[in-house]
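> One structure follows; several queries about it will come next.
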Amino acid sequence: MKILKTMCRNIFEYRRKLVSFRPADVHTCFHCTSSQESKSSLRLLFFGTDSFSLPSLRILNENRKSKQGPICSLQVVTSFKAKKNPLKQYAQAEGLQLHDWPFRYSNVQQDFDLGIVVSFGHMIPESLISAFRLGMLNVHASLLPKLRGAAPIVHAIRNGDHETGVTIMKIKPKHFDIGEILRQEKVTIPEDTLMPELHSQLAELGARTLLECLENLQFYYSNLKLQNDKSATYAPKIDTKFAEVRWSEMNARQVYDLYRSLYSYKPLTTRFAGDSGETIKLFKLHYRPDLAESDNLKTVPGEVQYCRLRKRLLVWCCDGRPVEVEQLGIGGRKALSAVEFYNGYLNKIAVPLRVFRTSL
């Protein structure tokens, strides 16, 4: 009888616990944990200096302020020496903590999870890369491994490429642009696109793609793609020789592509033929694929003629086609219109002249 009472009491207690147990409690507990892990968990240190960096910093900061995304804290490393630094101005306006480069900070491993580099221009030391629990990511303005280097946008247009894009990649020490790829996004390059337009487009695309990677970081880290070094091409820094026009070696389209690639950054340059060799800067230039030399008009590369109808200069290239020059400068003097150049120089010459050198 005693045993029977004990069994009945145990059965009663079991039923009471079973009734009081709610599966919703387990679901709620799991949901809270997942929610906390998916929101505001990344502490970022952002490295950048210029206008290409700004959209990425802005989108990360907006995500931080919303408290609905993966970013809980954000600080910025930039160069205080830069004369024009939109990143510094934005960070100050938003109350983000700023650090000058070279970066000296003793608690990187404790205070940050991930480093973000966008158009920074400085080699990050291995000790700093390894200090981040999740490493460092970079936004690069090309479809790596194509156009590794400092000026991928300029080189893409100069090469006459019809396609480019952005790459989100992990940073590796000692070398630029060789790390594993998280994600890439492509864009087309219309044949008349100027460098500032493509620059802005890729900066915004890079910012959006970066945030998408951060929102699904575990997925992208689990699916990293190695670069094929055999397919690599390069986009080194732009020097003064890059802007020089070689009329005997470049066709009209190539001259125009060079102009598009440097638009608003620096003018194309050439020189007068003859002993003076004074530098000429070409400020406004147009491509005219409908024009070509005829049987009655034999030209040589670098020859300049004046078109009265359009009030522009025609400069002939190696393919027997010209580019139109609307505005140019001589030496350090003020810019001249094509009309002013004609009145001051060309109309004093009896026959068409190879005014510009065909090679430098």
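Letters A, B, ... go to the chains of the structure tokens in the order shown; residues in each chain start at 1; ligands are counted from 1 in the same order.
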Could you tell me, as a ChimeraX atom specification, which residues of region 124-257 of chain A DSSP assigns to helix (DSSP H, G or I) when given the backbone?

/A:126-131,152-158,195-215,217-221,229-231,240-243,252-257

> Write the residues of the preceding selection, restricted to N, CA and C atoms, as a short mmCIF file (atom, residue, chain, number, x, y, z; two decimals), in the first residue's frame.


data_model
loop_
_atom_site.label_atom_id
_atom_site.label_comp_id
_atom_site.auth_asym_id
_atom_site.auth_seq_id
_atom_site.Cartn_x
_atom_site.Cartn_y
_atom_site.Cartn_z
N GLU A 126 51.87 43.47 -40.08
CA GLU A 126 51.33 42.14 -39.74
C GLU A 126 50.87 42.07 -38.29
N SER A 127 51.57 42.74 -37.40
CA SER A 127 51.20 42.71 -35.99
C SER A 127 49.82 43.31 -35.75
N LEU A 128 49.47 44.34 -36.53
CA LEU A 128 48.15 44.96 -36.39
C LEU A 128 47.06 44.08 -37.00
N ILE A 129 47.34 43.49 -38.15
CA ILE A 129 46.36 42.61 -38.80
C ILE A 129 46.00 41.45 -37.87
N SER A 130 47.01 40.85 -37.27
CA SER A 130 46.78 39.68 -36.43
C SER A 130 46.14 40.03 -35.09
N ALA A 131 46.14 41.31 -34.73
CA ALA A 131 45.55 41.71 -33.45
C ALA A 131 44.03 41.65 -33.46
N PRO A 152 42.99 51.33 -59.61
CA PRO A 152 42.25 50.42 -60.49
C PRO A 152 41.20 51.10 -61.35
N ILE A 153 40.57 52.17 -60.86
CA ILE A 153 39.52 52.84 -61.63
C ILE A 153 40.12 53.55 -62.84
N VAL A 154 41.22 54.25 -62.62
CA VAL A 154 41.91 54.96 -63.72
C VAL A 154 42.36 53.96 -64.78
N HIS A 155 42.99 52.88 -64.36
CA HIS A 155 43.52 51.92 -65.32
C HIS A 155 42.41 51.18 -66.06
N ALA A 156 41.29 50.92 -65.40
CA ALA A 156 40.18 50.23 -66.07
C ALA A 156 39.67 51.06 -67.25
N ILE A 157 39.52 52.37 -67.05
CA ILE A 157 39.05 53.24 -68.13
C ILE A 157 40.14 53.40 -69.18
N ARG A 158 41.38 53.61 -68.75
CA ARG A 158 42.49 53.77 -69.69
C ARG A 158 42.65 52.55 -70.57
N MET A 195 35.96 59.35 -65.35
CA MET A 195 36.48 58.77 -64.11
C MET A 195 35.67 59.13 -62.86
N PRO A 196 35.29 60.40 -62.66
CA PRO A 196 34.54 60.72 -61.43
C PRO A 196 33.21 59.97 -61.33
N GLU A 197 32.55 59.73 -62.46
CA GLU A 197 31.28 59.01 -62.44
C GLU A 197 31.47 57.58 -61.98
N LEU A 198 32.46 56.89 -62.55
CA LEU A 198 32.73 55.51 -62.18
C LEU A 198 33.25 55.43 -60.74
N HIS A 199 34.05 56.39 -60.35
CA HIS A 199 34.57 56.45 -58.98
C HIS A 199 33.43 56.49 -57.97
N SER A 200 32.45 57.37 -58.19
CA SER A 200 31.31 57.50 -57.28
C SER A 200 30.46 56.24 -57.27
N GLN A 201 30.23 55.68 -58.45
CA GLN A 201 29.42 54.47 -58.56
C GLN A 201 30.04 53.31 -57.78
N LEU A 202 31.34 53.13 -57.94
CA LEU A 202 32.02 52.02 -57.26
C LEU A 202 32.14 52.26 -55.76
N ALA A 203 32.29 53.50 -55.35
CA ALA A 203 32.36 53.81 -53.92
C ALA A 203 31.06 53.44 -53.23
N GLU A 204 29.94 53.78 -53.84
CA GLU A 204 28.64 53.45 -53.26
C GLU A 204 28.39 51.95 -53.30
N LEU A 205 28.73 51.32 -54.42
CA LEU A 205 28.55 49.87 -54.53
C LEU A 205 29.42 49.14 -53.51
N GLY A 206 30.65 49.59 -53.34
CA GLY A 206 31.55 48.97 -52.37
C GLY A 206 31.01 49.07 -50.96
N ALA A 207 30.41 50.22 -50.63
CA ALA A 207 29.84 50.41 -49.29
C ALA A 207 28.69 49.43 -49.04
N ARG A 208 27.79 49.30 -50.00
CA ARG A 208 26.65 48.39 -49.83
C ARG A 208 27.10 46.94 -49.74
N THR A 209 28.07 46.58 -50.58
CA THR A 209 28.55 45.20 -50.59
C THR A 209 29.28 44.86 -49.30
N LEU A 210 30.03 45.82 -48.78
CA LEU A 210 30.72 45.62 -47.50
C LEU A 210 29.73 45.34 -46.39
N LEU A 211 28.67 46.14 -46.30
CA LEU A 211 27.69 45.95 -45.24
C LEU A 211 27.00 44.59 -45.36
N GLU A 212 26.70 44.19 -46.59
CA GLU A 212 26.08 42.87 -46.80
C GLU A 212 26.99 41.75 -46.30
N CYS A 213 28.28 41.91 -46.50
CA CYS A 213 29.23 40.91 -46.00
C CYS A 213 29.25 40.88 -44.47
N LEU A 214 29.20 42.06 -43.85
CA LEU A 214 29.22 42.11 -42.39
C LEU A 214 27.95 41.52 -41.78
N GLU A 215 26.85 41.68 -42.48
CA GLU A 215 25.58 41.14 -41.98
C GLU A 215 25.53 39.61 -42.05
N LEU A 217 28.63 37.63 -42.03
CA LEU A 217 30.07 37.42 -42.00
C LEU A 217 30.45 35.95 -41.86
N GLN A 218 29.74 35.21 -41.03
CA GLN A 218 30.06 33.79 -40.83
C GLN A 218 29.91 33.01 -42.13
N PHE A 219 28.86 33.33 -42.90
CA PHE A 219 28.65 32.66 -44.19
C PHE A 219 29.80 32.95 -45.14
N TYR A 220 30.18 34.21 -45.27
CA TYR A 220 31.24 34.57 -46.21
C TYR A 220 32.60 34.04 -45.77
N TYR A 221 32.85 34.03 -44.47
CA TYR A 221 34.11 33.47 -43.99
C TYR A 221 34.17 31.96 -44.22
N ASP A 229 46.58 33.87 -58.92
CA ASP A 229 47.68 34.81 -59.18
C ASP A 229 48.09 34.84 -60.65
N LYS A 230 47.86 33.76 -61.38
CA LYS A 230 48.23 33.72 -62.79
C LYS A 230 47.37 34.66 -63.64
N SER A 231 46.19 35.01 -63.13
CA SER A 231 45.29 35.91 -63.86
C SER A 231 45.45 37.37 -63.42
N THR A 240 53.61 61.19 -63.71
CA THR A 240 53.48 62.24 -64.72
C THR A 240 53.49 61.69 -66.14
N LYS A 241 54.25 60.63 -66.38
CA LYS A 241 54.34 60.06 -67.73
C LYS A 241 53.03 59.42 -68.17
N PHE A 242 52.22 59.00 -67.22
CA PHE A 242 50.96 58.34 -67.55
C PHE A 242 50.07 59.25 -68.39
N ALA A 243 50.14 60.56 -68.16
CA ALA A 243 49.26 61.51 -68.84
C ALA A 243 49.79 61.95 -70.20
N ALA A 252 42.95 57.18 -81.90
CA ALA A 252 42.08 58.22 -81.35
C ALA A 252 41.29 57.72 -80.14
N ARG A 253 40.83 56.48 -80.21
CA ARG A 253 40.08 55.94 -79.09
C ARG A 253 40.95 55.82 -77.84
N GLN A 254 42.18 55.42 -78.00
CA GLN A 254 43.08 55.29 -76.86
C GLN A 254 43.39 56.64 -76.22
N VAL A 255 43.54 57.67 -77.04
CA VAL A 255 43.77 59.01 -76.50
C VAL A 255 42.54 59.46 -75.72
N TYR A 256 41.36 59.20 -76.27
CA TYR A 256 40.13 59.59 -75.59
C TYR A 256 39.94 58.81 -74.28
N ASP A 257 40.26 57.52 -74.28
CA ASP A 257 40.17 56.72 -73.06
C ASP A 257 41.13 57.22 -71.99
#

> Tell me which protein, DNA and RNA residues are within 6 Å of region 278-287 of chain A, counting only C-alpha atoms, leaving out same-chain ones fewer than 6 positions away, and put them as a list of chain:residue names.

A:Tyr256, A:Pro267, A:Leu268, A:Thr269, A:Thr270, A:Arg271, A:Phe272, A:Val323, A:Glu324, A:Val325, A:Glu326, A:Gln327, A:Leu328, A:Gly329, A:Ile330, A:Gly331

> Can you spit out the residues from that selection as a compact mmCIF listing (two decimals), in the first residue's frame, using all heavy atoms?


# COMPACT_ATOMS: atom_id res chain seq x y z
N TYR A 256 41.36 59.20 -76.27
CA TYR A 256 40.13 59.59 -75.59
C TYR A 256 39.94 58.81 -74.28
O TYR A 256 39.52 59.37 -73.27
CB TYR A 256 38.93 59.36 -76.52
CG TYR A 256 37.60 59.75 -75.91
CD1 TYR A 256 37.35 61.05 -75.51
CD2 TYR A 256 36.60 58.79 -75.74
CE1 TYR A 256 36.13 61.41 -74.95
CE2 TYR A 256 35.38 59.13 -75.18
CZ TYR A 256 35.15 60.44 -74.79
OH TYR A 256 33.94 60.79 -74.23
N PRO A 267 45.29 66.92 -66.46
CA PRO A 267 45.10 67.01 -67.91
C PRO A 267 46.10 66.13 -68.66
O PRO A 267 47.17 65.78 -68.14
CB PRO A 267 45.37 68.49 -68.21
CG PRO A 267 46.33 68.91 -67.14
CD PRO A 267 45.93 68.13 -65.91
N LEU A 268 45.75 65.78 -69.89
CA LEU A 268 46.71 65.12 -70.76
C LEU A 268 47.79 66.13 -71.13
O LEU A 268 47.56 67.33 -71.16
CB LEU A 268 46.04 64.61 -72.03
CG LEU A 268 44.86 63.64 -71.89
CD1 LEU A 268 44.52 63.03 -73.24
CD2 LEU A 268 45.15 62.57 -70.86
N THR A 269 48.99 65.63 -71.44
CA THR A 269 50.08 66.52 -71.80
C THR A 269 50.73 66.06 -73.10
O THR A 269 50.73 64.88 -73.44
CB THR A 269 51.17 66.57 -70.70
OG1 THR A 269 51.69 65.25 -70.50
CG2 THR A 269 50.60 67.10 -69.40
N THR A 270 51.24 67.04 -73.83
CA THR A 270 52.06 66.78 -75.01
C THR A 270 53.05 67.94 -75.10
O THR A 270 53.15 68.73 -74.17
CB THR A 270 51.18 66.67 -76.27
OG1 THR A 270 51.99 66.33 -77.40
CG2 THR A 270 50.42 67.95 -76.57
N ARG A 271 53.79 68.02 -76.19
CA ARG A 271 54.77 69.11 -76.34
C ARG A 271 54.76 69.64 -77.76
O ARG A 271 54.41 68.93 -78.70
CB ARG A 271 56.18 68.64 -75.97
CG ARG A 271 56.36 68.29 -74.51
CD ARG A 271 57.79 67.82 -74.22
NE ARG A 271 57.95 67.42 -72.83
CZ ARG A 271 58.22 68.25 -71.83
NH1 ARG A 271 58.40 69.53 -72.09
NH2 ARG A 271 58.35 67.81 -70.60
N PHE A 272 55.18 70.89 -77.89
CA PHE A 272 55.38 71.45 -79.22
C PHE A 272 56.52 70.71 -79.91
O PHE A 272 57.51 70.33 -79.28
CB PHE A 272 55.75 72.93 -79.15
CG PHE A 272 54.57 73.85 -79.07
CD1 PHE A 272 54.48 74.78 -78.06
CD2 PHE A 272 53.57 73.79 -80.02
CE1 PHE A 272 53.40 75.64 -77.98
CE2 PHE A 272 52.49 74.65 -79.96
CZ PHE A 272 52.40 75.58 -78.94
N VAL A 323 41.28 63.39 -82.65
CA VAL A 323 40.48 63.78 -81.50
C VAL A 323 40.28 65.28 -81.59
O VAL A 323 41.09 65.99 -82.20
CB VAL A 323 41.18 63.42 -80.16
CG1 VAL A 323 41.21 61.92 -79.97
CG2 VAL A 323 42.58 64.01 -80.07
N GLU A 324 39.17 65.76 -81.03
CA GLU A 324 38.89 67.19 -81.02
C GLU A 324 39.34 67.79 -79.69
O GLU A 324 39.03 67.25 -78.63
CB GLU A 324 37.40 67.46 -81.18
CG GLU A 324 36.87 67.26 -82.57
CD GLU A 324 35.42 67.68 -82.68
OE1 GLU A 324 34.74 67.73 -81.64
OE2 GLU A 324 34.97 67.94 -83.80
N VAL A 325 40.07 68.89 -79.77
CA VAL A 325 40.50 69.59 -78.56
C VAL A 325 39.75 70.91 -78.49
O VAL A 325 39.81 71.73 -79.41
CB VAL A 325 42.03 69.83 -78.57
CG1 VAL A 325 42.44 70.64 -77.34
CG2 VAL A 325 42.77 68.50 -78.62
N GLU A 326 39.04 71.12 -77.39
CA GLU A 326 38.25 72.34 -77.20
C GLU A 326 38.96 73.37 -76.34
O GLU A 326 38.79 74.57 -76.52
CB GLU A 326 36.92 71.97 -76.55
CG GLU A 326 35.97 73.13 -76.38
CD GLU A 326 34.65 72.71 -75.76
OE1 GLU A 326 34.40 71.50 -75.64
OE2 GLU A 326 33.86 73.61 -75.38
N GLN A 327 39.79 72.90 -75.41
CA GLN A 327 40.50 73.82 -74.51
C GLN A 327 41.87 73.25 -74.17
O GLN A 327 42.00 72.05 -73.94
CB GLN A 327 39.68 74.04 -73.23
CG GLN A 327 40.23 75.13 -72.33
CD GLN A 327 39.38 75.30 -71.08
OE1 GLN A 327 39.36 74.42 -70.22
NE2 GLN A 327 38.68 76.41 -70.98
N LEU A 328 42.88 74.10 -74.14
CA LEU A 328 44.24 73.66 -73.86
C LEU A 328 45.03 74.78 -73.21
O LEU A 328 44.59 75.94 -73.20
CB LEU A 328 44.94 73.19 -75.13
CG LEU A 328 45.25 74.22 -76.24
CD1 LEU A 328 46.29 73.64 -77.20
CD2 LEU A 328 44.00 74.62 -77.03
N GLY A 329 46.19 74.45 -72.66
CA GLY A 329 47.04 75.44 -72.03
C GLY A 329 48.48 75.26 -72.48
O GLY A 329 48.92 74.15 -72.78
N ILE A 330 49.22 76.36 -72.52
CA ILE A 330 50.62 76.33 -72.93
C ILE A 330 51.48 76.70 -71.73
O ILE A 330 51.34 77.78 -71.15
CB ILE A 330 50.88 77.31 -74.08
CG1 ILE A 330 49.97 76.98 -75.28
CG2 ILE A 330 52.34 77.29 -74.50
CD1 ILE A 330 50.07 77.98 -76.40
N GLY A 331 52.36 75.77 -71.34
CA GLY A 331 53.20 76.02 -70.18
C GLY A 331 52.35 76.24 -68.95
O GLY A 331 51.36 75.56 -68.70

> What does the structure give for the distance between CA of Pro70 (chain A) and CA of Arg43 (chain A), in Å to one decimal?

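Spanning CA of Pro70 (chain A) to CA of Arg43 (chain A) is a straight-line distance of 8.9 Å.
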
> DSSP on the backbone, strand (DSSP E) only: what residues of region 123-153 of chain A does that give? Format it as a list in words.

Met136, Leu137, Asn138, Val139 and His140 of chain A

> Using only C-alpha atoms for the distances, tell me which of A:Leu346, A:Leu309, A:His122, A:Thr299 is nearest to Lys174 (chain A).

A:His122

> Env of Thr167 (chain A): 6 Å cut, atoms = only C-alpha atoms, seq-sep filter 3 positions within chain, self excluded. Answer as a list in words.

Val139, His140, Leu143, Arg183 and Gln184 of chain A
